[in-house]
Each structure stands twice: as structure tokens, then as C-alpha cells.
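Here the structure comes first, spelled out in C-alpha cells, and everything after it is commentary.
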Amino acid sequence: MSPNSNDECDVVMNLSAADRCAFVKNTPDCSMEDGFINYLHVAFCLLPPNLTPLTITLCVVWLLFLFVILGLAASKFFCPNLSAISANLHLTHNVAGVTFLALGNGAPDIFSAIAAFSNPHTAGLAVGALFGAGIFVTTVVAGSVALVKPFTVASRPFLRDVIFYMVAVFWTFLILYRGTTTLTETFGYLGLYVVYVLTVIISAYIYNRQKHSMNSSVQNVAHTPAEYHSSDSSDDDVPCLIGGTIQQEYESEYRPLLPYSESTSQILLSSLNPVDNRKWRRKSWRWRLLKVLKTPLEVLLLLCVPVVDPDKEDKNWRRPLNCLQLVTAPLVCVFAFQSGTYGDYMIQGQFPLWLLTLLLGLFLSAIVFCTTTNDCPPKYHPLFALLGFLVSAMLISAAASEVVSLLHMLGVVLSLSNTVLGLTLLAWGNSIGDCFSDITIARQGYPRMAISACFGGIIFNMLFGVGLGCLLQMLKTHSDMQFESEGLLTWVLAGSLGLSLVLSFVIVPLCRFHLGRTYGIFLLVFYATFLLIALLTEFGKIHTV
């Protein structure tokens with residue numbers, strides 16, 4: 001973006017405080033049609049100019065709330081429904097891990113990137129977020145895992161993931177350097193992930209064959225299904241298996257000795273309660289405080305997003321709630337799609353689309369309620385997982401669009417580039433959950449699983465975030481995708497990520513694939529140095545001659 005152009009919204013900060021509101025209202029570039037709220041109007045027109053700091057503070061609080069929505073929708077609704085879909089499709093753990101699980105874990109990053117690429121002025125947010133999250137995950141998260149639990153990484157999967165990620169980063173660097181990409185190149189970019197998936201599947205198949213041949217002569221050793229012995233996951237599946245067994249045994253102690261039937265109203269009320277009393281008693285006060293803050297949002301999501309759990313005996317079938325969700329879920333899709341564009345849509349100018357959706361939902365809900373019972377899920381219950389997947393994806397997309405619009409406003413007000421906002425606030429917001437979960441997994445004794453998640457997920461985020469974002473924008477505009485470079489900072493970002501991957505590719509094999517505390521400290525220092533250089537570049541302390 002050129003700050004000297006009078007039709008660009010960035011020049012608003014060069015005007016006097018009294019003229020900013022009129023400029024924002026009359027400048028097409030300030031319309032921000034991709035979100036529910038025009039945050040530039042909020043910043044410059046909602047409150048008097050002397051209260052702009054208060055407006056910014058409220059917007060930052062709202063930004064944190066949006067990140068909570070992204071995290072809850074992805075972890076509590078999007079991921080479980082994807083797991084249910086993969087279970088119903090009878091996918092192996094390796095295939096599910098690099099497809100559905102990767103999509104579930106990377107949903108906030110993917111949808112944020114797609115939302116950012118929808119506008120050329122915010123494309124820098126996507127580039128900054130994807131590269132920034134890549135550096136954050138491969139240095140801070142991987143370094144923290146090495147500090148918490150030093151271990152020896154699986155050599156072949158580690159080298160495979162690093163090589164594919166380096167190829168993805170280099171390809172993205174070429175696209176940014178040229179400033180444009182074609183439709184054919186975008187399909188090739190997405191095809192790189194297909195090659196990665198096939199490599200994972202083939203390597204897992206070869207490893208399983210070798211493992212089976214080695215163990216065929218040993219009859220007195222306890223056997224585990226072959227798909228759990230993949231070198232790509234090593235102990236990846238162990239926590240899930242152990243955790244499921246413990247959970248089943250734990251819950252079996254609380255099952256009533258005599259059959260007990262809840263009424264429909266009791267089932268509805270209990271299914272809308274997101275607080276587990278047993279877990280509540282075991283957790284710390286910090287967890288309880290956070291749970292209290294998140295509970296109203298969880299209740300709202302439970303009202304409109306069905307969740308199917310194949311690990312439960314009843315598959316999480318809640319007849320009254322599921323029937324209610326048949327009414328609310330389609331309505332949410334109508335109002336959330338493209339930031340509420342279809343909320344006011346009239347069919348042939350006469351009949352509102354939302355009213356037709358409501359009537360169809362009530363009709364389906366009545367049929368399901370009259371043809372099912374509270375105790376037994378119907379045969380078509382897995383279709384609720386597909387509905388939950390669609391609704392949660394729509395909510396994540398809507399929240400991601402709001403995050404992008406809000407960060408764009410903060411960039412205008414604070415005179416920061418979209419790239420630096422992407423590599424800091426957006427990258428941190430989308431990656432902080434992965435950071436805590438990976439560290440927790442490492443502390444539980446499964447560092448290989450944590451390090452696999454570090455590299456496997458960001459490959460998917462990079463390829464699909466950039467690939468899908470560019471593809472959707474090209475289909476919308478029927479032209480090649482153009483990138484607006486934000487100067488030296490973009491090259492600092494890309495160069496730092498490439499350097500961190502090259503150093504890991506060299507240092508880890510030299511250390512015989514043992515990730516110790518020294519290596520963890522090195523990664524953390526590398527990220528701190530990168531962040532310092534990036535901020536100095538942003539504020540003009542480092543610049544080209």
C-alpha cells in the first residue's frame with residue numbers, strides 16, 4: 001500500500017482528529033466490507049477523538065474474545081466432528097492425522113489466511129501470520145518441548161517434515177518475490193501437500209511391513225495393531241489410547257447400578273451444561289476462573305453446533321438438543337456466511353431467506369423428534385457430525401474475518417504494517433493454544449508427539465493457507481493473484497524462517513537427533529533475536545541503503 005495515495009485509508013492518521021471521521025465515511029478504501037463491524041468507524045466516529053485510547057483498549061479486549069471464540073470453536077466442536085467423520089470413513093491414524101487432524105488443529109490459521117487474502121490490503125496479515133506462526137512453532141514451541149523433556153527425535157519423519165516445509169517456504173518466497181501467482185501454480189502449490197500426504201502414507205506402510213516381518217517370528221510378545229506402529233507417530237497414538245481407556249474405566253465407576261431414564265427436559269439442561277463437576281473439583285482456581293468466563297460462550301455454541309463423539313456409547317446423542325440444533329444451526333450458517341450478507345437476502349424480493357431456513361429447520365426437527373427416542377441414536381446420527389463440521393467451520397471463518405478486520409484497523413491507528421501485526425498478534429493468538437498443548441503433552445512423557453505436531457501442522461497451514469486463499473481470490477476476481485510487498489520486513493520474515501529450518505536440518509542430525517536443553521535454549525534465543533530484528537525493521541532502525 002502506498003501511504004501517499006489519497007484514496008488509501010492509511011493516510012487518515014495524517015489528518016486532524018476532527019477530520020478523521022468524515023474521511024473514513026467518505027473513503028471507499030475504509031469500507032471494510034469483510035467483517036460484521038466497520039472497526040475504522042468504531043475507532044474514529046463512535047466516541048470523541050480524545051477517547052480514542054479507550055476505543056482501542058475495548059477493541060483489544062474484543063480481539064482477545066475473538067481468539068477465545070476461535071479456540072473454543074476449533075477444539076470443542078470442529079476437531080471432535082472431524083474425528084467422528086474420519087472414524088465413520090474408517091481412515092487409518094496416519095491418513096487422519098495428516099488430513100482431518102491437521103485441518104482441525106490449523107483451522108484458525110487457515111480461515112484467518114483465507115479471510116486476509118480476500119482483500120489485497122490485508123494480504124500482508126496472512127503472510128505475516130503464516131510465516132510468523134511457522135517461526136514461533138519451530139523455535140519457541142519446539143524449544144520449550146526440548147527444555148521440558150529432552151528426547152531423541154524420530155529421524156526419518158523429522159527430516160521428511162523439515163524438507164517438505166523448506167520446499168513450501170521457498171516456494172512461497174518465490175511467489176512473494178515475483179509479486180504474483182497463476183492458477184496453475186496455485187494448484188501445484190496445493191498439490192505439494194498431496195505429495196506430502198502420499199509420502200506419509202507410503203512411509204508408514206513400508207515401516208509397518210518391516211515391523212510385521214520382524215515381529216512375525218516372535219510369538220510371545222503382546223501384539224498391537226500394525227497401524228499403531230507407524231514411525232511417523234511412534235508414541236503419538238499412545239496418549240489417545242491410554243487416555244481413552246482410563247476415561248472409560250473412570251466413567252464406568254459412576255454408572256448407576258440400576259437403569260435410570262432422564263426426562264427430555266433434564267437431558268436438554270444437562271447437555272447444555274459445559275462444566276464437568278468431577279473435573280471442576282480437581283482443577284485449580286485459575287482453571288475455574290477461566291472456565292467461568294468461557295461458559296456463556298460454550299453454552300451459545302452448544303445451542304447451535306452438534307457434536308458427535310464416536311468414543312461414547314451413545315455417540316453423544318442428545319435428542320432434544322440435537323433437534324433444537326437442526327433449527328439453530330442452519331440459521332447460524334445463513335447469518336454467518338460472508339459476514340451476514342445473506343441475513344437480509346429476499347427470495348425473489350418477497351420472502352426472507354432466514355425465514356425459509358427457519359421453517360425448514362422446524363420441519364426437520366419435528367420429524368427427527370417424533371421418529372427417535374432419547375436412549376438410542378438413529379442410524380443417520382453421523383450426519384450430525386457433518387452438520388457440526390459445517391457450522392463450526394462457518395463460525396471460525398466469521399471470527400477469523402473479524403480478527404483480520406480488527407487487526408487492519410489497529411494497523412491503521414497505530415501506523416503498523418499488516419506484516420508485523422500478522423507475525424505478532426495474529427500468529428501468537430493462533431499458536432498459543434498449540435504451544436500449551438504441546439508442552440503439556442511433552443511433560444506427560446510424549447515429546448515425539450509434540451515435536452511431530454510442531455512441524456506436521458505448519459506444513460498444512462502454510463500450503464493450504466496460502467493455496468486456498470489465493471485460489472478463492474482468483475476464482476472471485478477471474479485474474480491472477482497479486483501481492484503487495486511491505487518491504488524489507490517481508491524478506492526478514494521469510495529469511496528468518498528459512499534460516500531456522502536450515503539450522504535445524506543441519507544441527508539436529510549432528511546431535512544424532514537428540515534434542516536437549518542446549519538446543520532448546522538456542523531456539524528460544526533465535527526467536528528473540530528474530531523478533532528484535534523484525535521490530536527494529538518495522539520502526540525504521542534497520543533499513544536498506
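Please note that chains go A, B, ... in the order of the C-alpha cells, that every chain numbers its residues from 1, and that ligands are numbered from 1 in the order shown.
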
Applying 7 Å and only C-alpha atoms, which residues near stretch 300-304 of chain A remain after dropping the ones on its own chain fewer than 4 positions away? List them as a count of residues only. 5

Find the spatial neighbours of A:Ile533, counting only C-alpha atoms, within a cut-off of 12 Å - ignore same-chain residues fewer than 4 positions away - and output them as a count of residues only. 20

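For the choices A:Val141, A:Ile201, A:Val68, A:Met214, the atom-to-atom distance to A:Thr295 is smallest for A:Val68 when using only C-alpha atoms.
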
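The environment of A:Leu356 within 12 Å, counting only C-alpha atoms and disregarding residues fewer than 6 places along the same chain, consists of A:Val327, A:Pro330, A:Leu331, A:Val334, A:Gly343, A:Tyr345, A:Met346, A:Ile347, A:Gln350, A:Leu362, A:Phe363.
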
Hey, what's within 6 Å of A:Gly179 if we count only C-alpha atoms and toss same-chain stuff fewer than 4 positions away? As a ChimeraX atom specification, please? /A:175,482-483

Write a file of the just-selected residues containing N, CA, C and O atoms, as a tab-separated table (two decimals), in the first residue's frame.
```tsv
chain	number	residue	atom	x	y	z
A	175	ILE	N	6.93	-16.81	-4.77
A	175	ILE	CA	5.66	-16.14	-5.10
A	175	ILE	C	5.70	-14.69	-4.63
A	175	ILE	O	5.30	-13.77	-5.35
A	482	GLN	N	-2.27	-10.97	-7.06
A	482	GLN	CA	-1.18	-10.01	-6.94
A	482	GLN	C	-0.86	-9.79	-5.46
A	482	GLN	O	-1.77	-9.69	-4.64
A	483	PHE	N	0.43	-9.72	-5.15
A	483	PHE	CA	0.87	-9.49	-3.77
A	483	PHE	C	1.52	-8.12	-3.68
A	483	PHE	O	2.32	-7.75	-4.55
```

Excluding A:Val404 and its own-chain neighbours fewer than 5 positions away, which residues fall within 12 Å of it when counting only C-alpha atoms? Please give them as a PyMOL selection string. chain A and resi 32-39+63+66-67+108-109+111-119+121-126+128-129+397-399+409-411+418-419+421-422+425-427+429

Would you output that residue set with N, CA and C atoms, as a compact mmCIF listing (two decimals), in the first residue's frame?
```
# COMPACT_ATOMS: atom_id res chain seq x y z
N MET A 32 -14.29 -1.62 4.61
CA MET A 32 -14.06 -2.86 5.36
C MET A 32 -15.31 -3.74 5.32
N GLU A 33 -15.66 -4.19 4.12
CA GLU A 33 -16.89 -4.96 3.93
C GLU A 33 -16.77 -6.42 4.35
N ASP A 34 -15.56 -6.87 4.73
CA ASP A 34 -15.36 -8.29 5.00
C ASP A 34 -15.72 -8.69 6.43
N GLY A 35 -16.14 -7.76 7.26
CA GLY A 35 -16.48 -8.09 8.63
C GLY A 35 -17.88 -7.60 8.98
N PHE A 36 -18.36 -8.03 10.14
CA PHE A 36 -19.67 -7.57 10.61
C PHE A 36 -19.61 -6.11 11.04
N ILE A 37 -18.46 -5.68 11.56
CA ILE A 37 -18.32 -4.35 12.14
C ILE A 37 -17.26 -3.58 11.36
N ASN A 38 -17.55 -2.31 11.06
CA ASN A 38 -16.54 -1.44 10.47
C ASN A 38 -15.74 -0.83 11.61
N TYR A 39 -14.59 -1.41 11.89
CA TYR A 39 -13.82 -1.01 13.07
C TYR A 39 -13.19 0.37 12.91
N LEU A 63 -10.64 -8.30 20.64
CA LEU A 63 -9.73 -9.17 19.89
C LEU A 63 -9.41 -10.44 20.70
N LEU A 66 -12.35 -12.69 20.53
CA LEU A 66 -12.44 -13.38 19.24
C LEU A 66 -11.47 -14.56 19.18
N PHE A 67 -10.29 -14.41 19.77
CA PHE A 67 -9.35 -15.52 19.82
C PHE A 67 -9.90 -16.67 20.67
N PRO A 108 -7.96 -22.20 12.78
CA PRO A 108 -7.85 -20.74 12.93
C PRO A 108 -6.87 -20.11 11.95
N ASP A 109 -5.71 -20.75 11.74
CA ASP A 109 -4.72 -20.21 10.81
C ASP A 109 -5.24 -20.21 9.38
N PHE A 111 -8.42 -20.31 8.19
CA PHE A 111 -9.52 -19.38 7.94
C PHE A 111 -9.05 -17.93 8.07
N SER A 112 -8.10 -17.66 8.96
CA SER A 112 -7.56 -16.30 9.06
C SER A 112 -6.83 -15.93 7.78
N ALA A 113 -6.06 -16.87 7.23
CA ALA A 113 -5.34 -16.60 5.98
C ALA A 113 -6.31 -16.37 4.83
N ILE A 114 -7.35 -17.21 4.73
CA ILE A 114 -8.34 -17.05 3.66
C ILE A 114 -9.02 -15.69 3.77
N ALA A 115 -9.37 -15.31 5.00
CA ALA A 115 -10.02 -14.01 5.21
C ALA A 115 -9.08 -12.86 4.84
N ALA A 116 -7.81 -13.00 5.17
CA ALA A 116 -6.85 -11.93 4.87
C ALA A 116 -6.59 -11.81 3.37
N PHE A 117 -6.52 -12.95 2.65
CA PHE A 117 -6.26 -12.91 1.22
C PHE A 117 -7.45 -12.38 0.43
N SER A 118 -8.62 -12.27 1.06
CA SER A 118 -9.79 -11.78 0.35
C SER A 118 -9.67 -10.30 -0.01
N ASN A 119 -8.74 -9.60 0.63
CA ASN A 119 -8.52 -8.18 0.36
C ASN A 119 -7.04 -7.94 0.14
N HIS A 121 -5.25 -5.43 0.52
CA HIS A 121 -4.65 -4.60 1.54
C HIS A 121 -4.34 -5.38 2.83
N THR A 122 -5.00 -6.50 3.04
CA THR A 122 -4.76 -7.29 4.25
C THR A 122 -4.00 -8.58 3.97
N ALA A 123 -3.54 -8.77 2.73
CA ALA A 123 -2.80 -9.99 2.41
C ALA A 123 -1.53 -10.10 3.24
N GLY A 124 -0.96 -8.94 3.60
CA GLY A 124 0.24 -8.96 4.43
C GLY A 124 0.00 -9.60 5.78
N LEU A 125 -1.25 -9.50 6.29
CA LEU A 125 -1.58 -10.17 7.55
C LEU A 125 -1.42 -11.68 7.42
N ALA A 126 -1.88 -12.24 6.29
CA ALA A 126 -1.79 -13.67 6.08
C ALA A 126 -0.34 -14.10 5.97
N GLY A 128 2.35 -12.51 7.09
CA GLY A 128 2.99 -12.35 8.38
C GLY A 128 2.58 -13.42 9.38
N ALA A 129 1.27 -13.76 9.38
CA ALA A 129 0.77 -14.75 10.33
C ALA A 129 1.33 -16.14 10.04
N SER A 397 -14.72 -19.20 10.40
CA SER A 397 -14.47 -18.29 9.29
C SER A 397 -14.94 -16.87 9.61
N ALA A 398 -16.12 -16.77 10.21
CA ALA A 398 -16.66 -15.45 10.56
C ALA A 398 -15.78 -14.77 11.62
N ALA A 399 -15.37 -15.54 12.65
CA ALA A 399 -14.50 -14.96 13.69
C ALA A 399 -13.14 -14.57 13.11
N MET A 409 -7.56 -2.46 11.33
CA MET A 409 -7.84 -1.18 11.97
C MET A 409 -6.72 -0.79 12.93
N LEU A 410 -6.24 -1.73 13.73
CA LEU A 410 -5.15 -1.44 14.66
C LEU A 410 -3.89 -1.02 13.90
N GLY A 411 -3.66 -1.64 12.74
CA GLY A 411 -2.50 -1.25 11.94
C GLY A 411 -2.62 0.17 11.45
N ASN A 418 0.74 -4.45 8.16
CA ASN A 418 -0.02 -5.68 8.35
C ASN A 418 0.90 -6.86 8.63
N THR A 419 2.10 -6.84 8.05
CA THR A 419 3.03 -7.96 8.24
C THR A 419 3.44 -8.09 9.70
N LEU A 421 1.84 -6.99 12.33
CA LEU A 421 0.66 -7.41 13.11
C LEU A 421 0.41 -8.91 12.92
N GLY A 422 0.64 -9.40 11.70
CA GLY A 422 0.44 -10.82 11.44
C GLY A 422 1.43 -11.69 12.17
N LEU A 425 0.63 -10.41 16.77
CA LEU A 425 -0.68 -10.65 17.40
C LEU A 425 -1.41 -11.84 16.78
N LEU A 426 -1.51 -11.87 15.43
CA LEU A 426 -2.28 -12.93 14.79
C LEU A 426 -1.57 -14.28 14.95
N ALA A 427 -0.27 -14.31 14.77
CA ALA A 427 0.48 -15.56 14.91
C ALA A 427 0.45 -16.06 16.35
N GLY A 429 -1.81 -15.31 18.69
CA GLY A 429 -3.17 -15.69 19.06
C GLY A 429 -3.56 -17.06 18.54
```
